[in-house]
>>> print(open('start12.cif').read())   # mmCIF, C-alpha atoms
data_protein
loop_
_atom_site.group_PDB
_atom_site.id
_atom_site.type_symbol
_atom_site.label_atom_id
_atom_site.label_comp_id
_atom_site.auth_asym_id
_atom_site.auth_seq_id
_atom_site.Cartn_x
_atom_site.Cartn_y
_atom_site.Cartn_z
ATOM 1 C CA ARG A 26 14.753 163.143 76.363
ATOM 2 C CA SER A 27 17.045 160.300 75.336
ATOM 3 C CA LEU A 28 19.169 158.147 77.595
ATOM 4 C CA SER A 29 22.271 159.691 76.028
ATOM 5 C CA ASP A 30 21.326 163.045 77.614
ATOM 6 C CA GLN A 31 21.414 161.710 81.157
ATOM 7 C CA ALA A 32 23.299 159.354 83.430
ATOM 8 C CA LEU A 33 22.742 155.740 82.485
ATOM 9 C CA PRO A 34 21.584 153.433 85.294
ATOM 10 C CA SER A 35 23.496 150.219 85.925
ATOM 11 C CA MET A 36 20.378 148.252 84.858
ATOM 12 C CA VAL A 37 17.892 149.210 82.164
ATOM 13 C CA ALA A 38 14.575 147.326 82.223
ATOM 14 C CA VAL A 39 12.879 146.978 78.857
ATOM 15 C CA GLU A 40 9.351 145.591 78.729
ATOM 16 C CA LEU A 41 9.103 143.706 75.427
ATOM 17 C CA THR A 42 5.495 142.745 76.007
ATOM 18 C CA ASN A 43 2.689 142.967 78.516
ATOM 19 C CA THR A 44 1.128 139.785 77.141
ATOM 20 C CA CYS A 45 1.292 136.604 79.194
ATOM 21 C CA ASN A 46 0.350 132.959 78.792
ATOM 22 C CA LEU A 47 -0.511 132.416 82.476
ATOM 23 C CA ARG A 48 -2.973 133.948 84.907
ATOM 24 C CA CYS A 49 -0.898 133.918 88.078
ATOM 25 C CA ALA A 50 -2.521 134.709 91.405
ATOM 26 C CA LYS A 51 0.337 137.087 92.305
ATOM 27 C CA CYS A 52 0.361 139.081 89.071
ATOM 28 C CA PRO A 53 -1.311 142.495 88.795
ATOM 29 C CA LEU A 54 -1.415 142.112 84.987
ATOM 30 C CA VAL A 55 -4.373 139.758 85.369
ATOM 31 C CA ARG A 56 -6.450 142.538 86.920
ATOM 32 C CA THR A 57 -5.549 145.382 84.540
ATOM 33 C CA SER A 58 -7.334 146.488 81.420
ATOM 34 C CA ARG A 59 -4.159 147.797 79.805
ATOM 35 C CA LYS A 60 -4.028 147.113 76.062
ATOM 36 C CA ARG A 61 -1.793 144.113 75.311
ATOM 37 C CA GLY A 62 0.967 144.165 72.746
ATOM 38 C CA PHE A 63 4.607 143.768 71.778
ATOM 39 C CA MET A 64 7.422 146.297 71.485
ATOM 40 C CA ASP A 65 8.259 147.080 67.890
ATOM 41 C CA ASP A 66 11.698 147.012 66.312
ATOM 42 C CA ALA A 67 12.025 150.789 65.952
ATOM 43 C CA LEU A 68 11.544 151.424 69.665
ATOM 44 C CA PHE A 69 13.911 148.637 70.661
ATOM 45 C CA GLU A 70 16.560 149.936 68.250
ATOM 46 C CA LYS A 71 16.154 153.453 69.701
ATOM 47 C CA ILE A 72 16.647 152.126 73.225
ATOM 48 C CA LEU A 73 19.812 150.273 72.170
ATOM 49 C CA HIS A 74 21.084 153.375 70.353
ATOM 50 C CA ASP A 75 20.513 155.504 73.456
ATOM 51 C CA ILE A 76 22.304 152.958 75.652
ATOM 52 C CA GLU A 77 25.244 152.786 73.262
ATOM 53 C CA SER A 78 25.413 156.586 72.974
ATOM 54 C CA ALA A 79 25.470 156.964 76.753
ATOM 55 C CA GLY A 80 28.615 154.844 76.789
ATOM 56 C CA ALA A 81 28.379 153.823 80.437
ATOM 57 C CA PRO A 82 28.453 150.116 81.278
ATOM 58 C CA THR A 83 24.985 148.737 81.887
ATOM 59 C CA GLU A 84 22.948 145.549 81.999
ATOM 60 C CA ILE A 85 19.622 145.044 80.237
ATOM 61 C CA ALA A 86 16.631 143.211 81.697
ATOM 62 C CA LEU A 87 14.035 142.290 79.083
ATOM 63 C CA SER A 88 11.339 141.919 81.699
ATOM 64 C CA GLY A 89 8.248 143.780 82.727
ATOM 65 C CA SER A 90 4.710 142.670 83.373
ATOM 66 C CA GLY A 91 4.566 140.242 80.440
ATOM 67 C CA GLU A 92 6.259 137.031 79.355
ATOM 68 C CA PRO A 93 9.344 137.846 77.204
ATOM 69 C CA THR A 94 9.437 134.434 75.492
ATOM 70 C CA LEU A 95 6.193 135.339 73.715
ATOM 71 C CA HIS A 96 7.888 138.156 71.769
ATOM 72 C CA PRO A 97 8.538 136.827 68.252
ATOM 73 C CA ARG A 98 11.920 138.593 67.985
ATOM 74 C CA LEU A 99 13.309 137.874 71.452
ATOM 75 C CA VAL A 100 16.390 136.012 70.190
ATOM 76 C CA GLU A 101 17.218 138.770 67.702
ATOM 77 C CA TYR A 102 16.795 141.397 70.423
ATOM 78 C CA VAL A 103 19.159 139.524 72.762
ATOM 79 C CA LYS A 104 21.741 139.257 69.980
ATOM 80 C CA ALA A 105 21.389 142.951 69.095
ATOM 81 C CA ALA A 106 21.786 144.008 72.738
ATOM 82 C CA ARG A 107 24.877 141.841 73.180
ATOM 83 C CA SER A 108 26.464 143.572 70.180
ATOM 84 C CA ILE A 109 26.458 146.912 72.040
ATOM 85 C CA PRO A 110 29.948 147.358 73.555
ATOM 86 C CA ASN A 111 28.820 148.854 76.876
ATOM 87 C CA VAL A 112 26.127 146.221 77.531
ATOM 88 C CA GLY A 113 27.715 143.918 80.073
ATOM 89 C CA GLY A 114 24.881 141.434 80.221
ATOM 90 C CA ILE A 115 21.323 140.730 79.259
ATOM 91 C CA GLY A 116 18.655 138.641 80.894
ATOM 92 C CA PHE A 117 14.998 138.260 81.708
ATOM 93 C CA ALA A 118 12.546 136.535 84.011
ATOM 94 C CA THR A 119 10.330 133.849 82.541
ATOM 95 C CA ASN A 120 7.538 131.511 83.552
ATOM 96 C CA GLY A 121 9.156 128.893 81.306
ATOM 97 C CA VAL A 122 6.056 127.709 79.464
ATOM 98 C CA GLU A 123 7.536 128.593 76.040
ATOM 99 C CA LEU A 124 11.210 128.139 76.957
ATOM 100 C CA THR A 125 11.600 125.125 74.677
ATOM 101 C CA PRO A 126 14.976 123.455 74.131
ATOM 102 C CA GLY A 127 15.210 125.098 70.692
ATOM 103 C CA LEU A 128 14.519 128.556 72.098
ATOM 104 C CA SER A 129 16.933 127.902 74.977
ATOM 105 C CA GLU A 130 19.725 127.004 72.581
ATOM 106 C CA SER A 131 19.022 130.050 70.400
ATOM 107 C CA LEU A 132 18.970 132.411 73.397
ATOM 108 C CA LEU A 133 22.236 131.041 74.740
ATOM 109 C CA ASP A 134 23.851 131.276 71.287
ATOM 110 C CA ALA A 135 22.635 134.896 71.060
ATOM 111 C CA GLY A 136 24.467 135.742 74.289
ATOM 112 C CA LEU A 137 21.917 135.596 77.121
ATOM 113 C CA THR A 138 23.793 136.041 80.415
ATOM 114 C CA ARG A 139 21.036 135.838 83.064
ATOM 115 C CA LEU A 140 17.793 133.917 83.384
ATOM 116 C CA LYS A 141 15.323 134.105 86.273
ATOM 117 C CA ALA A 142 13.156 131.021 86.180
ATOM 118 C CA SER A 143 9.892 131.613 88.034
ATOM 119 C CA LEU A 144 8.418 128.545 89.712
ATOM 120 C CA ASP A 145 6.303 128.813 92.852
ATOM 121 C CA THR A 146 5.574 125.169 93.600
ATOM 122 C CA ASP A 147 6.763 121.617 93.138
ATOM 123 C CA ASP A 148 3.275 120.216 92.591
ATOM 124 C CA ALA A 149 1.229 120.105 89.362
ATOM 125 C CA VAL A 150 -2.148 120.586 91.070
ATOM 126 C CA GLU A 151 -0.896 123.584 93.036
ATOM 127 C CA TYR A 152 0.731 124.984 89.884
ATOM 128 C CA LEU A 153 -2.625 124.897 88.092
ATOM 129 C CA ARG A 154 -4.312 126.620 91.042
ATOM 130 C CA LEU A 155 -1.652 129.346 91.279
ATOM 131 C CA ASN A 156 -1.084 129.964 87.571
ATOM 132 C CA GLY A 157 -4.378 129.118 85.874
ATOM 133 C CA ARG A 158 -2.781 126.630 83.488
ATOM 134 C CA ASP A 159 -1.842 122.966 83.650
ATOM 135 C CA ALA A 160 1.809 123.382 82.667
ATOM 136 C CA TYR A 161 3.931 122.271 85.632
ATOM 137 C CA ALA A 162 5.559 119.284 83.891
ATOM 138 C CA ARG A 163 6.287 121.338 80.777
ATOM 139 C CA VAL A 164 7.794 124.225 82.753
ATOM 140 C CA ALA A 165 9.966 121.956 84.908
ATOM 141 C CA ALA A 166 11.202 120.098 81.804
ATOM 142 C CA ASN A 167 11.925 123.372 80.008
ATOM 143 C CA PHE A 168 13.935 124.750 82.939
ATOM 144 C CA LEU A 169 15.921 121.515 83.266
ATOM 145 C CA SER A 170 16.594 121.522 79.532
ATOM 146 C CA PHE A 171 17.786 125.143 79.619
ATOM 147 C CA CYS A 172 20.186 124.340 82.463
ATOM 148 C CA GLU A 173 21.514 121.263 80.684
ATOM 149 C CA ILE A 174 22.064 123.114 77.392
ATOM 150 C CA ASN A 175 23.750 125.941 79.303
ATOM 151 C CA ARG A 176 26.068 123.467 81.040
ATOM 152 C CA THR A 177 26.930 121.252 78.067
ATOM 153 C CA THR A 178 27.574 124.108 75.637
ATOM 154 C CA GLY A 179 29.859 125.918 78.060
ATOM 155 C CA ASN A 180 27.698 129.024 78.162
ATOM 156 C CA ARG A 181 27.967 131.166 81.248
ATOM 157 C CA CYS A 182 24.361 132.187 81.704
ATOM 158 C CA ARG A 183 23.558 132.656 85.389
ATOM 159 C CA VAL A 184 20.303 130.887 86.256
ATOM 160 C CA THR A 185 18.242 131.826 89.307
ATOM 161 C CA LEU A 186 15.121 129.965 90.377
ATOM 162 C CA LYS A 187 12.716 132.560 91.764
ATOM 163 C CA SER A 188 9.772 131.491 93.917
ATOM 164 C CA THR A 189 6.991 133.226 95.764
ATOM 165 C CA LEU A 190 5.869 131.374 98.862
ATOM 166 C CA TYR A 191 2.143 132.085 99.126
ATOM 167 C CA LYS A 192 1.921 130.779 102.649
ATOM 168 C CA ASN A 193 4.370 130.335 105.458
ATOM 169 C CA ASP A 194 5.610 127.011 104.099
ATOM 170 C CA LEU A 195 9.327 126.761 104.695
ATOM 171 C CA SER A 196 9.213 123.095 103.706
ATOM 172 C CA LEU A 197 8.271 124.115 100.146
ATOM 173 C CA GLY A 198 11.241 126.473 100.041
ATOM 174 C CA ARG A 199 13.523 123.663 101.200
ATOM 175 C CA ARG A 200 12.040 121.219 98.658
ATOM 176 C CA LEU A 201 12.526 123.686 95.818
ATOM 177 C CA GLU A 202 16.088 124.313 96.935
ATOM 178 C CA GLU A 203 16.845 120.589 97.157
ATOM 179 C CA ARG A 204 15.275 119.909 93.766
ATOM 180 C CA TRP A 205 16.820 122.814 91.832
ATOM 181 C CA SER A 206 20.168 123.555 93.514
ATOM 182 C CA PRO A 207 22.031 120.961 91.412
ATOM 183 C CA TYR A 208 20.937 122.755 88.231
ATOM 184 C CA VAL A 209 20.738 126.488 88.957
ATOM 185 C CA ASP A 210 23.183 129.011 90.378
ATOM 186 C CA GLN A 211 20.766 130.314 93.007
ATOM 187 C CA VAL A 212 17.394 129.483 94.486
#
>>> encode(input="start12.cif", output="structure tokens")
Amino acid sequence: RSLSDQALPSMVAVELTNTCNLRCAKCPLVRTSRKRGFMDDALFEKILHDIESAGAPTEIALSGSGEPTLHPRLVEYVKAARSIPNVGGIGFATNGVELTPGLSESLLDAGLTRLKASLDTDDAVEYLRLNGRDAYARVAANFLSFCEINRTTGNRCRVTLKSTLYKNDLSLGRRLEERWSPYVDQV
């Protein structure tokens, strides 16, 4: 059954990939044996066609259990989704490892309207422990760069910093808010 045959939800989540470049303690993907892969063009085009045919206003979230920035056609998919008249916005959640300044600029030019930046600590050692990769400095720099490009180019992409507090550490929440509030719309 296609989306055009039923009521369209206000948000459609599309999982572009279930592949990830981290091994986060909180993520169930780490413990699954599900085959990894990327959505192909034909399926994505069908989803967009169904959304357009339904005609109701909707948003698209290109997020699931994987890291969207690993999909080789992410920018093209964002641009294609933004060309659909009833798509009011498009966004995704990212760990930021591959959110380079070049990719950030391309995504913003393509029409990205929402970004959830996932960062659970303000410490490189803790980041490695929580995520299985030494990438804290890279991720923080990538998120700052995205925010700066968004600001200086006049784009209106809403940026949210999303954090999971693994222990009852309200001071970490306050530190993240102090550090990131000048750059993002919401912590």
>>> closest_residue(input="start12.cif", among="A:Arg154, A:Lys141, A:His96, A:Arg163", to="Pro126 in chain A", atoms="all atoms listed in the file")
A:Arg163
>>> resolve_selection(input="start12.cif", expression="the PyMOL selection byres ((chain A and resi 197-204) around 9)", output="count of residues only")
16
>>> residues_around(input="start12.cif", residues="Ile85 in chain A", least_positions_apart="4", cutoff="9 Å", atoms="only C-alpha atoms", output="list in words")
Ser35, Met36, Val37, Ala38, Val39, Ala106, Val112, Gly113, Gly114, Ile115, Gly116 and Phe117 of chain A
>>> resolve_selection(input="start12.cif", expression="the PyMOL selection byres ((chain A and resi 107) around 12)", output="PyMOL selection string")
chain A and resi 73+76-77+83-86+100-106+108-116+132-138
>>> atom_distance(input="start12.cif", atom1="CA of Asn120 in chain A", atom2="CA of Lys187 in chain A")
9.8 Å
>>> residues_around(input="start12.cif", residues="Arg158 in chain A", least_positions_apart="3", cutoff="10 Å", atoms="all atoms listed in the file", output="PyMOL selection string")
chain A and resi 46-49+122+149-150+152-155+161
>>> residues_around(input="start12.cif", residues="Ile174 in chain A", least_positions_apart="5", cutoff="10 Å", atoms="only C-alpha atoms", output="PyMOL selection string")
chain A and resi 126-127+129-130+133+168-169+179-180
>>> atom_distance(input="start12.cif", atom1="CA of Thr94 in chain A", atom2="CA of Asp75 in chain A")
23.9 Å
>>> axis_aligned_box(input="start12.cif", around="range 83-95 of chain A", padding_each_side="5 Å", output="lines of an AutoDock Vina configuration file")
center_x = 14.8
center_y = 141.6
center_z = 78.5
size_x = 30.4
size_y = 24.3
size_z = 19.7
>>> atom_distance(input="start12.cif", atom1="CA of Gly91 in chain A", atom2="CA of Ala165 in chain A")
19.6 Å
>>> closest_residue(input="start12.cif", among="A:Ala79, A:Asn43, A:Lys71, A:Ser58", to="Glu92 in chain A", atoms="all atoms listed in the file")
A:Asn43
>>> closest_residue(input="start12.cif", among="A:Glu151, A:Ala32, A:His74, A:Val209", to="Glu173 in chain A", atoms="all atoms listed in the file")
A:Val209
>>> residues_around(input="start12.cif", residues="Arg183 in chain A", least_positions_apart="6", cutoff="7 Å", atoms="all atoms listed in the file", output="ChimeraX atom specification")
/A:138-140,210
>>> closest_residue(input="start12.cif", among="A:Ala160, A:Ala50, A:Cys45, A:Cys172", to="Phe63 in chain A", atoms="only C-alpha atoms")
A:Cys45
>>> closest_residue(input="start12.cif", among="A:Leu124, A:Ala118, A:Ala67, A:Leu33", to="Ala81 in chain A", atoms="all atoms listed in the file")
A:Leu33
>>> decode(input="start12.cif", residues="range 144-179 of chain A", atoms="N, CA, C and O atoms", output="tab-separated table (two decimals), in the first residue's frame")
chain	number	residue	atom	x	y	z
A	144	LEU	N	25.68	14.87	20.84
A	144	LEU	CA	26.95	14.98	21.56
A	144	LEU	C	26.66	14.79	23.05
A	144	LEU	O	25.95	15.59	23.65
A	145	ASP	N	27.20	13.72	23.62
A	145	ASP	CA	26.84	13.32	24.98
A	145	ASP	C	27.87	13.70	26.04
A	145	ASP	O	27.72	13.30	27.19
A	146	THR	N	28.89	14.43	25.67
A	146	THR	CA	29.91	14.80	26.64
A	146	THR	C	30.66	16.03	26.16
A	146	THR	O	30.53	16.44	25.01
A	147	ASP	N	31.44	16.59	27.05
A	147	ASP	CA	32.31	17.72	26.68
A	147	ASP	C	33.78	17.35	26.93
A	147	ASP	O	34.62	18.21	27.09
A	148	ASP	N	34.05	16.06	26.93
A	148	ASP	CA	35.38	15.56	27.28
A	148	ASP	C	35.81	14.47	26.29
A	148	ASP	O	35.07	13.52	26.04
A	149	ALA	N	37.01	14.60	25.75
A	149	ALA	CA	37.50	13.67	24.72
A	149	ALA	C	37.65	12.25	25.24
A	149	ALA	O	37.34	11.28	24.54
A	150	VAL	N	38.12	12.08	26.46
A	150	VAL	CA	38.31	10.74	27.03
A	150	VAL	C	36.95	10.06	27.22
A	150	VAL	O	36.77	8.89	26.88
A	151	GLU	N	36.00	10.81	27.75
A	151	GLU	CA	34.65	10.27	27.95
A	151	GLU	C	33.99	9.98	26.61
A	151	GLU	O	33.27	8.99	26.47
A	152	TYR	N	34.21	10.82	25.62
A	152	TYR	CA	33.67	10.60	24.28
A	152	TYR	C	34.15	9.25	23.73
A	152	TYR	O	33.36	8.46	23.23
A	153	LEU	N	35.43	8.99	23.85
A	153	LEU	CA	36.00	7.72	23.39
A	153	LEU	C	35.34	6.55	24.12
A	153	LEU	O	34.96	5.55	23.51
A	154	ARG	N	35.18	6.67	25.42
A	154	ARG	CA	34.56	5.60	26.21
A	154	ARG	C	33.11	5.37	25.79
A	154	ARG	O	32.67	4.22	25.63
A	155	LEU	N	32.36	6.43	25.56
A	155	LEU	CA	30.94	6.31	25.23
A	155	LEU	C	30.68	5.91	23.78
A	155	LEU	O	29.68	5.26	23.49
A	156	ASN	N	31.57	6.31	22.88
A	156	ASN	CA	31.30	6.15	21.45
A	156	ASN	C	32.25	5.22	20.72
A	156	ASN	O	32.08	4.99	19.52
A	157	GLY	N	33.27	4.72	21.40
A	157	GLY	CA	34.17	3.76	20.79
A	157	GLY	C	35.09	4.33	19.72
A	157	GLY	O	35.65	3.58	18.93
A	158	ARG	N	35.24	5.64	19.69
A	158	ARG	CA	36.10	6.27	18.69
A	158	ARG	C	36.63	7.58	19.23
A	158	ARG	O	35.89	8.35	19.85
A	159	ASP	N	37.88	7.85	18.97
A	159	ASP	CA	38.52	9.09	19.41
A	159	ASP	C	38.21	10.19	18.38
A	159	ASP	O	38.98	10.42	17.46
A	160	ALA	N	37.05	10.83	18.54
A	160	ALA	CA	36.63	11.81	17.53
A	160	ALA	C	36.02	13.06	18.14
A	160	ALA	O	35.41	13.86	17.42
A	161	TYR	N	36.18	13.28	19.44
A	161	TYR	CA	35.53	14.42	20.09
A	161	TYR	C	35.91	15.74	19.44
A	161	TYR	O	35.04	16.56	19.09
A	162	ALA	N	37.20	15.99	19.26
A	162	ALA	CA	37.64	17.28	18.70
A	162	ALA	C	37.08	17.48	17.29
A	162	ALA	O	36.64	18.57	16.93
A	163	ARG	N	37.09	16.43	16.51
A	163	ARG	CA	36.57	16.50	15.13
A	163	ARG	C	35.08	16.81	15.13
A	163	ARG	O	34.60	17.66	14.37
A	164	VAL	N	34.33	16.12	15.97
A	164	VAL	CA	32.88	16.31	16.03
A	164	VAL	C	32.55	17.72	16.49
A	164	VAL	O	31.71	18.41	15.88
A	165	ALA	N	33.19	18.18	17.55
A	165	ALA	CA	32.93	19.53	18.06
A	165	ALA	C	33.26	20.57	16.98
A	165	ALA	O	32.48	21.52	16.76
A	166	ALA	N	34.38	20.41	16.29
A	166	ALA	CA	34.75	21.34	15.22
A	166	ALA	C	33.74	21.30	14.08
A	166	ALA	O	33.37	22.35	13.53
A	167	ASN	N	33.29	20.11	13.72
A	167	ASN	CA	32.30	19.99	12.65
A	167	ASN	C	30.98	20.67	13.01
A	167	ASN	O	30.38	21.36	12.18
A	168	PHE	N	30.52	20.48	14.25
A	168	PHE	CA	29.27	21.12	14.66
A	168	PHE	C	29.42	22.64	14.68
A	168	PHE	O	28.53	23.36	14.23
A	169	LEU	N	30.53	23.13	15.19
A	169	LEU	CA	30.76	24.58	15.20
A	169	LEU	C	30.81	25.13	13.78
A	169	LEU	O	30.24	26.19	13.49
A	170	SER	N	31.47	24.42	12.89
A	170	SER	CA	31.56	24.84	11.50
A	170	SER	C	30.18	24.88	10.86
A	170	SER	O	29.84	25.85	10.15
A	171	PHE	N	29.37	23.85	11.08
A	171	PHE	CA	28.02	23.83	10.53
A	171	PHE	C	27.25	25.07	10.99
A	171	PHE	O	26.61	25.75	10.18
A	172	CYS	N	27.30	25.35	12.28
A	172	CYS	CA	26.57	26.49	12.84
A	172	CYS	C	27.06	27.80	12.25
A	172	CYS	O	26.25	28.69	11.94
A	173	GLU	N	28.35	27.93	12.07
A	173	GLU	CA	28.91	29.15	11.50
A	173	GLU	C	28.51	29.32	10.04
A	173	GLU	O	28.13	30.41	9.61
A	174	ILE	N	28.58	28.27	9.26
A	174	ILE	CA	28.16	28.32	7.85
A	174	ILE	C	26.67	28.66	7.77
A	174	ILE	O	26.25	29.50	6.97
A	175	ASN	N	25.87	28.05	8.61
A	175	ASN	CA	24.44	28.31	8.67
A	175	ASN	C	24.18	29.79	8.95
A	175	ASN	O	23.37	30.43	8.29
A	176	ARG	N	24.90	30.34	9.92
A	176	ARG	CA	24.72	31.73	10.30
A	176	ARG	C	25.19	32.69	9.21
A	176	ARG	O	24.47	33.60	8.81
A	177	THR	N	26.39	32.48	8.70
A	177	THR	CA	26.97	33.44	7.76
A	177	THR	C	26.33	33.40	6.37
A	177	THR	O	26.40	34.39	5.64
A	178	THR	N	25.73	32.28	6.01
A	178	THR	CA	25.09	32.20	4.69
A	178	THR	C	23.62	32.58	4.75
A	178	THR	O	22.95	32.58	3.72
A	179	GLY	N	23.12	32.88	5.93
A	179	GLY	CA	21.73	33.28	6.06
A	179	GLY	C	20.74	32.15	5.95
A	179	GLY	O	19.55	32.38	5.80
